[in-house]
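Structure file protein_0.cif (mmCIF, C-alpha atoms) follows.
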```cif
data_query
loop_
_atom_site.group_PDB
_atom_site.id
_atom_site.type_symbol
_atom_site.label_atom_id
_atom_site.label_comp_id
_atom_site.auth_asym_id
_atom_site.auth_seq_id
_atom_site.Cartn_x
_atom_site.Cartn_y
_atom_site.Cartn_z
ATOM 1 C CA MET A 1 -18.252 50.289 196.160
ATOM 2 C CA ARG A 2 -20.109 53.403 197.320
ATOM 3 C CA SER A 3 -23.813 53.368 196.616
ATOM 4 C CA THR A 4 -23.762 56.499 194.440
ATOM 5 C CA ARG A 5 -21.192 54.800 192.231
ATOM 6 C CA VAL A 6 -23.403 51.719 191.966
ATOM 7 C CA ILE A 7 -26.458 53.817 191.061
ATOM 8 C CA THR A 8 -24.475 55.700 188.426
ATOM 9 C CA LEU A 9 -23.043 52.492 186.991
ATOM 10 C CA LEU A 10 -26.491 50.911 186.740
ATOM 11 C CA GLY A 11 -27.911 54.026 185.057
ATOM 12 C CA VAL A 12 -25.114 54.188 182.503
ATOM 13 C CA SER A 13 -25.386 50.430 181.942
ATOM 14 C CA THR A 14 -29.123 50.645 181.293
ATOM 15 C CA ALA A 15 -28.577 53.454 178.798
ATOM 16 C CA ALA A 16 -25.804 51.489 177.072
ATOM 17 C CA ALA A 17 -27.982 48.366 176.906
ATOM 18 C CA ILE A 18 -30.864 50.302 175.328
ATOM 19 C CA VAL A 19 -28.501 51.854 172.759
ATOM 20 C CA LEU A 20 -27.153 48.380 171.921
ATOM 21 C CA SER A 21 -30.748 47.168 171.477
ATOM 22 C CA TYR A 22 -31.271 50.039 169.036
ATOM 23 C CA VAL A 23 -28.010 49.328 167.184
ATOM 24 C CA GLU A 24 -29.202 45.765 166.849
ATOM 25 C CA THR A 25 -32.346 46.881 165.008
ATOM 26 C CA LEU A 26 -30.044 48.606 162.469
ATOM 27 C CA ILE A 27 -28.187 45.377 161.691
ATOM 28 C CA PRO A 28 -30.362 43.154 159.568
ATOM 29 C CA VAL A 29 -29.740 39.518 160.403
ATOM 30 C CA SER A 30 -32.228 38.005 158.039
ATOM 31 C CA PHE A 31 -32.220 34.283 157.946
ATOM 32 C CA ALA A 32 -35.416 32.479 157.123
ATOM 33 C CA ILE A 33 -35.851 31.709 160.802
ATOM 34 C CA PRO A 34 -37.543 34.177 163.107
ATOM 35 C CA GLY A 35 -35.776 34.872 166.392
ATOM 36 C CA ILE A 36 -32.153 34.850 165.248
ATOM 37 C CA LYS A 37 -30.281 37.919 166.410
ATOM 38 C CA LEU A 38 -26.895 39.029 167.674
ATOM 39 C CA GLY A 39 -27.880 39.728 171.266
ATOM 40 C CA LEU A 40 -25.495 42.656 171.654
ATOM 41 C CA SER A 41 -27.222 44.027 174.739
ATOM 42 C CA ASN A 42 -26.518 40.785 176.570
ATOM 43 C CA ALA A 43 -22.951 42.137 176.842
ATOM 44 C CA VAL A 44 -24.194 44.619 179.452
ATOM 45 C CA ALA A 45 -25.992 41.982 181.536
ATOM 46 C CA LEU A 46 -22.930 39.733 181.359
ATOM 47 C CA PHE A 47 -20.605 42.572 182.340
ATOM 48 C CA LEU A 48 -22.705 43.455 185.399
ATOM 49 C CA LEU A 49 -23.032 39.791 186.338
ATOM 50 C CA TYR A 50 -19.249 39.486 186.534
ATOM 51 C CA LYS A 51 -18.548 42.926 188.009
ATOM 52 C CA LEU A 52 -21.423 43.279 190.500
ATOM 53 C CA ASP A 53 -24.011 40.546 191.025
ATOM 54 C CA TRP A 54 -26.963 38.824 189.398
ATOM 55 C CA LYS A 55 -29.443 41.223 190.976
ATOM 56 C CA ALA A 56 -27.890 44.248 189.286
ATOM 57 C CA ALA A 57 -27.579 42.380 185.987
ATOM 58 C CA GLY A 58 -31.157 41.123 186.161
ATOM 59 C CA ALA A 59 -32.628 44.503 187.074
ATOM 60 C CA VAL A 60 -30.824 46.330 184.254
ATOM 61 C CA ASN A 61 -31.730 43.567 181.823
ATOM 62 C CA LEU A 62 -35.442 43.694 182.668
ATOM 63 C CA ILE A 63 -35.596 47.477 182.376
ATOM 64 C CA ARG A 64 -33.735 47.246 179.061
ATOM 65 C CA VAL A 65 -36.197 44.633 177.727
ATOM 66 C CA LEU A 66 -39.171 46.732 178.800
ATOM 67 C CA ILE A 67 -37.926 50.034 177.367
ATOM 68 C CA SER A 68 -36.451 48.720 174.128
ATOM 69 C CA GLY A 69 -39.566 46.570 173.609
ATOM 70 C CA LEU A 70 -41.767 49.634 173.900
ATOM 71 C CA LEU A 71 -39.455 51.804 171.779
ATOM 72 C CA PHE A 72 -38.407 49.479 168.954
ATOM 73 C CA GLY A 73 -40.779 46.521 169.173
ATOM 74 C CA SER A 74 -44.344 45.539 169.866
ATOM 75 C CA ILE A 75 -46.212 43.910 172.734
ATOM 76 C CA ALA A 76 -45.612 40.497 171.172
ATOM 77 C CA SER A 77 -41.882 41.082 170.703
ATOM 78 C CA LEU A 78 -41.777 42.341 174.289
ATOM 79 C CA ALA A 79 -43.259 39.032 175.475
ATOM 80 C CA TYR A 80 -40.697 37.061 173.455
ATOM 81 C CA SER A 81 -37.711 39.011 174.765
ATOM 82 C CA ALA A 82 -38.975 39.026 178.353
ATOM 83 C CA SER A 83 -39.311 35.255 178.558
ATOM 84 C CA GLY A 84 -35.954 34.874 176.823
ATOM 85 C CA ALA A 85 -34.276 37.377 179.124
ATOM 86 C CA VAL A 86 -35.562 35.753 182.328
ATOM 87 C CA LEU A 87 -34.435 32.291 181.258
ATOM 88 C CA SER A 88 -31.022 33.443 180.022
ATOM 89 C CA MET A 89 -30.416 35.501 183.172
ATOM 90 C CA LEU A 90 -31.199 32.436 185.284
ATOM 91 C CA VAL A 91 -28.843 30.192 183.316
ATOM 92 C CA MET A 92 -26.029 32.757 183.283
ATOM 93 C CA ALA A 93 -26.342 33.420 187.013
ATOM 94 C CA ILE A 94 -26.100 29.700 187.778
ATOM 95 C CA LEU A 95 -23.115 29.185 185.466
ATOM 96 C CA LYS A 96 -21.350 32.239 186.891
ATOM 97 C CA ARG A 97 -21.916 30.983 190.428
ATOM 98 C CA SER A 98 -20.487 27.563 189.544
ATOM 99 C CA GLU A 99 -17.133 29.328 188.959
ATOM 100 C CA SER A 100 -16.363 26.723 186.303
ATOM 101 C CA PHE A 101 -16.958 28.694 183.133
ATOM 102 C CA SER A 102 -15.570 31.870 181.575
ATOM 103 C CA ALA A 103 -17.760 34.675 180.227
ATOM 104 C CA VAL A 104 -17.660 32.989 176.802
ATOM 105 C CA GLY A 105 -19.328 29.758 177.908
ATOM 106 C CA CYS A 106 -21.689 31.641 180.198
ATOM 107 C CA SER A 107 -22.763 33.915 177.342
ATOM 108 C CA ALA A 108 -23.203 31.091 174.828
ATOM 109 C CA ALA A 109 -25.387 29.081 177.222
ATOM 110 C CA GLY A 110 -27.296 32.253 178.107
ATOM 111 C CA ALA A 111 -27.938 33.042 174.439
ATOM 112 C CA ILE A 112 -29.236 29.529 173.825
ATOM 113 C CA ALA A 113 -31.458 29.823 176.910
ATOM 114 C CA HIS A 114 -32.736 33.152 175.556
ATOM 115 C CA ASN A 115 -33.622 31.582 172.208
ATOM 116 C CA PHE A 116 -35.281 28.654 173.967
ATOM 117 C CA GLY A 117 -37.354 30.947 176.190
ATOM 118 C CA GLN A 118 -38.386 32.945 173.127
ATOM 119 C CA LEU A 119 -39.396 29.803 171.318
ATOM 120 C CA LEU A 120 -41.501 28.597 174.267
ATOM 121 C CA MET A 121 -43.278 31.948 174.318
ATOM 122 C CA ALA A 122 -43.890 31.717 170.554
ATOM 123 C CA VAL A 123 -45.375 28.242 171.011
ATOM 124 C CA VAL A 124 -47.769 29.704 173.601
ATOM 125 C CA ILE A 125 -48.651 32.906 171.715
ATOM 126 C CA LEU A 126 -49.075 31.298 168.296
ATOM 127 C CA SER A 127 -50.400 28.049 169.842
ATOM 128 C CA ALA A 128 -48.389 25.973 167.394
ATOM 129 C CA LYS A 129 -46.002 23.443 168.873
ATOM 130 C CA GLU A 130 -44.496 22.860 165.421
ATOM 131 C CA ILE A 131 -42.430 25.987 165.994
ATOM 132 C CA MET A 132 -40.138 23.757 168.060
ATOM 133 C CA TRP A 133 -38.747 22.670 164.688
ATOM 134 C CA TYR A 134 -36.651 25.818 164.841
ATOM 135 C CA LEU A 135 -34.945 24.718 168.069
ATOM 136 C CA PRO A 136 -31.816 23.130 166.520
ATOM 137 C CA ALA A 137 -31.149 26.179 164.343
ATOM 138 C CA LEU A 138 -31.724 28.510 167.286
ATOM 139 C CA ILE A 139 -29.329 26.500 169.491
ATOM 140 C CA VAL A 140 -26.585 26.718 166.856
ATOM 141 C CA SER A 141 -27.134 30.425 166.229
ATOM 142 C CA GLY A 142 -27.248 31.062 169.984
ATOM 143 C CA ALA A 143 -23.953 29.248 170.503
ATOM 144 C CA LEU A 144 -22.274 31.312 167.769
ATOM 145 C CA THR A 145 -23.622 34.751 168.640
ATOM 146 C CA GLY A 146 -23.406 34.089 172.385
ATOM 147 C CA ALA A 147 -19.767 33.006 172.229
ATOM 148 C CA ALA A 148 -18.869 36.036 170.097
ATOM 149 C CA VAL A 149 -20.606 38.504 172.417
ATOM 150 C CA GLY A 150 -19.092 36.660 175.393
ATOM 151 C CA ALA A 151 -15.569 36.957 173.995
ATOM 152 C CA ALA A 152 -16.019 40.686 173.447
ATOM 153 C CA THR A 153 -17.448 41.106 176.944
ATOM 154 C CA ALA A 154 -14.572 39.126 178.491
ATOM 155 C CA LEU A 155 -12.264 41.857 177.187
ATOM 156 C CA LEU A 156 -14.456 44.563 178.736
ATOM 157 C CA ILE A 157 -14.557 42.707 182.058
ATOM 158 C CA LYS A 158 -10.765 42.553 182.041
ATOM 159 C CA LYS A 159 -10.080 46.121 180.897
ATOM 160 C CA ILE A 160 -12.758 48.234 182.573
ATOM 161 C CA LYS A 161 -12.137 49.005 186.231
ATOM 162 C CA ILE A 162 -15.272 50.098 188.046
ATOM 163 C CA ASP A 163 -13.973 50.750 191.551
ATOM 164 C CA MET B 1 3.823 36.747 192.319
ATOM 165 C CA GLY B 2 4.894 34.485 189.468
ATOM 166 C CA CYS B 3 3.255 31.584 191.249
ATOM 167 C CA ARG B 4 -0.045 33.405 191.561
ATOM 168 C CA LYS B 5 0.067 34.350 187.908
ATOM 169 C CA THR B 6 0.540 30.708 186.946
ATOM 170 C CA ALA B 7 -2.363 29.663 189.166
ATOM 171 C CA ALA B 8 -4.631 32.259 187.560
ATOM 172 C CA LEU B 9 -3.548 31.089 184.125
ATOM 173 C CA LEU B 10 -4.302 27.480 185.018
ATOM 174 C CA LEU B 11 -7.760 28.454 186.302
ATOM 175 C CA MET B 12 -8.462 30.358 183.074
ATOM 176 C CA LYS B 13 -7.328 27.379 181.006
ATOM 177 C CA ARG B 14 -9.626 25.073 182.958
ATOM 178 C CA LYS B 15 -12.565 27.462 182.487
ATOM 179 C CA LEU B 16 -11.942 27.730 178.750
ATOM 180 C CA ARG B 17 -11.796 23.936 178.514
ATOM 181 C CA ASN B 18 -15.139 23.774 180.351
ATOM 182 C CA ASP B 19 -16.525 26.388 177.936
ATOM 183 C CA VAL B 20 -15.593 24.226 174.969
ATOM 184 C CA ILE B 21 -17.158 21.145 176.589
ATOM 185 C CA LEU B 22 -20.331 23.086 177.440
ATOM 186 C CA ILE B 23 -20.752 24.519 173.937
ATOM 187 C CA ALA B 24 -19.962 21.162 172.323
ATOM 188 C CA ALA B 25 -22.559 19.451 174.542
ATOM 189 C CA LEU B 26 -25.203 22.047 173.606
ATOM 190 C CA LEU B 27 -24.415 21.654 169.900
ATOM 191 C CA LEU B 28 -24.702 17.892 170.339
ATOM 192 C CA ILE B 29 -28.170 18.394 171.822
ATOM 193 C CA ALA B 30 -29.072 20.515 168.780
ATOM 194 C CA ALA B 31 -27.885 17.736 166.486
ATOM 195 C CA ALA B 32 -29.837 15.133 168.478
ATOM 196 C CA VAL B 33 -33.038 17.205 168.380
ATOM 197 C CA TRP B 34 -32.573 17.757 164.658
ATOM 198 C CA GLY B 35 -32.014 14.021 164.159
ATOM 199 C CA VAL B 36 -35.187 13.111 166.037
ATOM 200 C CA PHE B 37 -37.217 15.632 164.039
ATOM 201 C CA ARG B 38 -35.664 14.382 160.814
ATOM 202 C CA LEU B 39 -36.492 10.747 161.562
ATOM 203 C CA ALA B 40 -40.084 11.659 162.315
ATOM 204 C CA ARG B 41 -40.400 13.489 159.003
ATOM 205 C CA ARG B 42 -43.371 12.551 156.834
ATOM 206 C CA THR B 43 -44.581 14.130 153.613
ATOM 207 C CA GLY B 44 -47.557 16.378 154.186
ATOM 208 C CA ASP B 45 -51.071 16.131 152.819
ATOM 209 C CA SER B 46 -52.391 19.564 153.660
ATOM 210 C CA VAL B 47 -51.498 22.885 155.221
ATOM 211 C CA SER B 48 -53.373 24.595 158.011
ATOM 212 C CA VAL B 49 -53.266 28.355 158.307
ATOM 213 C CA THR B 50 -53.776 30.068 161.638
ATOM 214 C CA VAL B 51 -54.010 33.785 162.233
ATOM 215 C CA ASP B 52 -53.578 34.937 165.819
ATOM 216 C CA GLY B 53 -53.801 31.329 167.007
ATOM 217 C CA LYS B 54 -57.213 30.820 165.364
ATOM 218 C CA LEU B 55 -57.679 28.467 162.413
ATOM 219 C CA PHE B 56 -58.138 30.411 159.165
ATOM 220 C CA GLY B 57 -58.320 27.490 156.770
ATOM 221 C CA ARG B 58 -56.957 24.122 155.714
ATOM 222 C CA TYR B 59 -55.872 23.432 152.128
ATOM 223 C CA SER B 60 -54.810 20.276 150.332
ATOM 224 C CA LEU B 61 -51.233 20.138 149.055
ATOM 225 C CA HIS B 62 -52.398 18.036 146.096
ATOM 226 C CA GLU B 63 -54.281 20.868 144.409
ATOM 227 C CA ASP B 64 -52.542 24.023 143.228
ATOM 228 C CA ALA B 65 -54.018 27.127 144.824
ATOM 229 C CA GLU B 66 -53.396 30.765 145.646
ATOM 230 C CA ILE B 67 -54.806 32.035 148.911
ATOM 231 C CA THR B 68 -54.575 35.539 150.287
ATOM 232 C CA ILE B 69 -54.484 35.482 154.078
ATOM 233 C CA PRO B 70 -55.705 38.741 155.577
ATOM 234 C CA SER B 71 -54.395 39.755 158.985
ATOM 235 C CA ALA B 72 -55.059 42.649 161.327
ATOM 236 C CA ASP B 73 -54.948 46.229 159.984
ATOM 237 C CA GLY B 74 -55.435 45.235 156.347
ATOM 238 C CA HIS B 75 -52.137 43.393 155.955
ATOM 239 C CA PHE B 76 -51.772 40.207 153.981
ATOM 240 C CA ASN B 77 -49.670 37.111 153.286
ATOM 241 C CA LYS B 78 -50.167 35.343 149.947
ATOM 242 C CA LEU B 79 -49.948 31.564 150.165
ATOM 243 C CA VAL B 80 -49.224 29.628 146.993
ATOM 244 C CA ILE B 81 -49.559 25.837 146.730
ATOM 245 C CA SER B 82 -47.947 24.113 143.762
ATOM 246 C CA ASN B 83 -46.466 20.665 143.077
ATOM 247 C CA GLY B 84 -47.250 19.398 146.560
ATOM 248 C CA SER B 85 -45.480 22.173 148.428
ATOM 249 C CA ALA B 86 -46.530 25.470 149.882
ATOM 250 C CA ARG B 87 -44.857 28.835 150.333
ATOM 251 C CA ILE B 88 -45.650 32.414 151.162
ATOM 252 C CA GLU B 89 -45.121 34.060 147.793
ATOM 253 C CA SER B 90 -45.493 37.630 148.948
ATOM 254 C CA ALA B 91 -46.440 39.617 152.034
ATOM 255 C CA ASP B 92 -46.415 43.185 153.262
ATOM 256 C CA CYS B 93 -44.735 42.459 156.585
ATOM 257 C CA PRO B 94 -41.561 44.403 157.414
ATOM 258 C CA ASP B 95 -39.037 41.554 157.601
ATOM 259 C CA LYS B 96 -40.336 39.178 154.879
ATOM 260 C CA LEU B 97 -38.887 36.215 156.775
ATOM 261 C CA CYS B 98 -41.960 34.210 155.754
ATOM 262 C CA VAL B 99 -41.179 34.767 152.070
ATOM 263 C CA LYS B 100 -37.507 33.901 152.551
ATOM 264 C CA ARG B 101 -38.491 30.657 154.288
ATOM 265 C CA GLY B 102 -39.314 29.220 150.877
ATOM 266 C CA PHE B 103 -41.147 25.960 150.167
ATOM 267 C CA VAL B 104 -42.424 23.580 152.835
ATOM 268 C CA LYS B 105 -43.835 20.137 152.123
ATOM 269 C CA ASN B 106 -43.055 17.836 155.059
ATOM 270 C CA ALA B 107 -45.454 17.325 157.959
ATOM 271 C CA GLY B 108 -44.538 19.567 160.879
ATOM 272 C CA GLN B 109 -42.725 22.185 158.803
ATOM 273 C CA THR B 110 -43.963 25.724 159.306
ATOM 274 C CA VAL B 111 -43.821 29.124 157.711
ATOM 275 C CA ILE B 112 -44.205 31.820 160.312
ATOM 276 C CA CYS B 113 -44.891 35.489 159.905
ATOM 277 C CA LEU B 114 -44.364 36.913 163.381
ATOM 278 C CA PRO B 115 -45.503 40.483 162.596
ATOM 279 C CA HIS B 116 -48.850 39.263 161.228
ATOM 280 C CA ARG B 117 -49.043 36.306 163.626
ATOM 281 C CA VAL B 118 -49.675 33.966 160.716
ATOM 282 C CA VAL B 119 -48.552 30.346 161.007
ATOM 283 C CA VAL B 120 -48.708 27.947 158.072
ATOM 284 C CA THR B 121 -48.215 24.359 159.228
ATOM 285 C CA VAL B 122 -47.886 21.301 157.010
ATOM 286 C CA GLU B 123 -50.017 18.457 158.282
ATOM 287 C CA GLY B 124 -50.175 14.872 157.243
ATOM 288 C CA THR B 125 -49.954 11.261 158.197
ATOM 289 C CA GLY B 126 -48.291 10.208 154.964
ATOM 290 C CA GLU B 127 -45.528 7.688 154.518
ATOM 291 C CA VAL B 128 -42.214 8.160 156.286
ATOM 292 C CA ASP B 129 -39.645 9.481 153.817
ATOM 293 C CA ALA B 130 -37.043 6.939 152.843
ATOM 294 C CA PRO B 131 -33.871 7.811 154.755
#
```
Starting from the coordinates I provided, produce the structure as structure tokens.
Amino acid sequence: MRSTRVITLLGVSTAAAIVLSYVETLIPVSFAIPGIKLGLSNAVALFLLYKLDWKAAGAVNLIRVLISGLLFGSIASLAYSASGAVLSMLVMAILKRSESFSAVGCSAAGAIAHNFGQLLMAVVILSAKEIMWYLPALIVSGALTGAAVGAATALLIKKIKID
Amino acid sequence: MGCRKTAALLLMKRKLRNDVILIAALLLIAAAVWGVFRLARRTGDSVSVTVDGKLFGRYSLHEDAEITIPSADGHFNKLVISNGSARIESADCPDKLCVKRGFVKNAGQTVICLPHRVVVTVEGTGEVDAP
């Protein structure tokens, strides 16, 4: 693909990811457990991972975390999402490379990795290891939301032609 | 052409099967972690309250009490202890997840208010709950 097309695609993707982050703040998912969310913007990272490469997906994801953290969150929430995003990007890139999983499995594992990374950061920031009690609930919620977002993204990967 | 289509379909089927195995394995891990936590459950004796990672106070679960926990910028979480369990009764944080968390009474359980960085942790070395 020509480089101008790549640059444009990454710009549009970043914008879309930030909008999805904003949309997410409009949808209240209020369980009694902090950290549960839909993870809509992961659709963009997943899409780029399958259409381009992990570098593009990772770059867009990091910029998205930074900007949406500053716009809609706080420094603390930025730290949570950043550690979650790095871990989930790593897991998704490895699973994608293995060629053994579809976007659904990749997304579910990535969402769980995100929740786990967030939880680790919370343990550090709040210096309370008891927060690990939330791990089972966050794994289950990650599997559900991740698989749902992954299924939606699989459709996008199939339907949207980028070159 | 038809052959290639079948091959692609087979590959997709294999990937979806792997997806199911992967997700099932992760859910199994969740269940195992939950089981381990559950087995280690003990009833608590006291709760410790930390604000911003620093200890604010420690209160016995055996005496009823109402404690207002101040946090940065004049915000608060109100901790109520009654009948051996503790809960955040009210707070002025935006999401109120701490209030929705409800009662905690077993050692290791926590109520967390992320916006105010308040963590209430049940502590105790009491007897293991009968399974």
Residues at most 9 Å from stretch 99-103 of chain A, counting only C-alpha atoms, excluding those fewer than 4 positions away in the same chain, as a count of residues only? 21
Would you kindly report the residues of chain A within 10 Å of chain B, using all atoms listed in the file, as a PyMOL selection string? chain A and resi 28-35+74+76-77+99-109+112+122-144+147
Using only C-alpha atoms, pick whichever of B:Val36, B:Pro94, B:Glu89, B:Leu55 has the shortest atom-to-atom distance to B:His75.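 Smallest distance to B:His75 is found for B:Pro94.
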Taking the file as shown, what set of residues would the PyMOL selection byres ((chain B and resi 104) around 6) give back, as a PyMOL selection string? chain B and resi 85-86+103+105
Please determine, counting all atoms listed in the file, which residue among B:Ala65, B:Asn83, B:Ser90, B:Lys5 has the shortest atom-to-atom distance to B:Gly44.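 That would be B:Asn83, the residue with the smallest distance to B:Gly44.
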Provide the atom CA of B:Ile88 to atom CA of B:Ile67 distance in Å, to one decimal place.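 Separating atom CA of B:Ile88 from atom CA of B:Ile67 is a distance of 9.4 Å.
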Separation of atom CA of B:Cys93 from atom CA of A:Ala17 in Å: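 If I compute the distance from atom CA of A:Ala17 to atom CA of B:Cys93, I get 27.0 Å.
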Residue members of the PyMOL selection byres ((chain A and resi 64) around 9) in the file shown, as a PyMOL selection string: chain A and resi 14-15+17-18+21+41+59-63+65-69
Show me as a ChimeraX atom specification the residues that reach within 8 Å of (-49.2, 26.0, 145.7), counting all atoms listed in the file and using the file's own coordinates. /B:61,63-66,79-87
Evaluate the PyMOL selection byres ((chain B and resi 46) around 7) and record the selected residues as a list in words, following the chain and residue labels used in the document. Gly44, Asp45, Val47, Ser48, Arg58, Tyr59, Ser60, Leu61, Val122, Glu123 and Gly124 of chain B
Atomic distance atom CA of B:Leu9 - atom CA of A:Gly110, expressed in Å with one decimal: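 Distance reported for this atom pair: 24.5 Å.
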Pick from A:Leu87, A:Val149, A:Val44, A:Leu70, whichever lies nearest to A:Ala56 using only C-alpha atoms: A:Val44
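Take the candidates B:Asn106, B:Asp92, B:Phe56, B:His116 and check each one against B:Ala72 using only C-alpha atoms; the shortest distance goes to B:His116.
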Please, can stretch 138-146 of chain A be completed to all heavy atoms and returned as a compact mmCIF listing (two decimals), in the frame of the given file?
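Dumped everything to rebuild28.txt:
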```txt
# COMPACT_ATOMS: atom_id res chain seq x y z
N LEU A 138 -31.87 27.44 166.30
CA LEU A 138 -31.72 28.51 167.29
C LEU A 138 -30.65 28.17 168.32
O LEU A 138 -30.02 29.07 168.87
CB LEU A 138 -33.07 28.78 167.97
CG LEU A 138 -34.06 29.56 167.09
CD1 LEU A 138 -35.42 29.65 167.74
CD2 LEU A 138 -33.54 30.96 166.80
N ILE A 139 -30.42 26.88 168.59
CA ILE A 139 -29.33 26.50 169.49
C ILE A 139 -27.99 26.84 168.84
O ILE A 139 -27.10 27.44 169.45
CB ILE A 139 -29.39 25.00 169.85
CG1 ILE A 139 -30.60 24.70 170.73
CG2 ILE A 139 -28.11 24.57 170.58
CD1 ILE A 139 -30.76 23.23 171.10
N VAL A 140 -27.85 26.46 167.56
CA VAL A 140 -26.58 26.72 166.86
C VAL A 140 -26.32 28.22 166.76
O VAL A 140 -25.21 28.69 167.06
CB VAL A 140 -26.60 26.08 165.44
CG1 VAL A 140 -25.36 26.47 164.67
CG2 VAL A 140 -26.68 24.56 165.57
N SER A 141 -27.35 28.98 166.36
CA SER A 141 -27.13 30.42 166.23
C SER A 141 -26.84 31.05 167.59
O SER A 141 -26.02 31.95 167.72
CB SER A 141 -28.34 31.09 165.57
OG SER A 141 -29.36 31.34 166.51
N GLY A 142 -27.50 30.55 168.64
CA GLY A 142 -27.25 31.06 169.98
C GLY A 142 -25.83 30.79 170.43
O GLY A 142 -25.17 31.64 171.03
N ALA A 143 -25.33 29.59 170.12
CA ALA A 143 -23.95 29.25 170.50
C ALA A 143 -22.96 30.19 169.82
O ALA A 143 -22.01 30.68 170.45
CB ALA A 143 -23.66 27.79 170.13
N LEU A 144 -23.20 30.46 168.52
CA LEU A 144 -22.27 31.31 167.77
C LEU A 144 -22.32 32.76 168.26
O LEU A 144 -21.29 33.34 168.64
CB LEU A 144 -22.61 31.27 166.27
CG LEU A 144 -22.35 29.95 165.56
CD1 LEU A 144 -22.83 30.02 164.12
CD2 LEU A 144 -20.85 29.62 165.59
N THR A 145 -23.52 33.34 168.25
CA THR A 145 -23.62 34.75 168.64
C THR A 145 -23.27 34.93 170.11
O THR A 145 -22.58 35.89 170.48
CB THR A 145 -25.05 35.29 168.41
OG1 THR A 145 -25.97 34.54 169.19
CG2 THR A 145 -25.45 35.22 166.97
N GLY A 146 -23.69 33.98 170.95
CA GLY A 146 -23.41 34.09 172.38
C GLY A 146 -21.92 34.03 172.67
O GLY A 146 -21.40 34.82 173.47
```
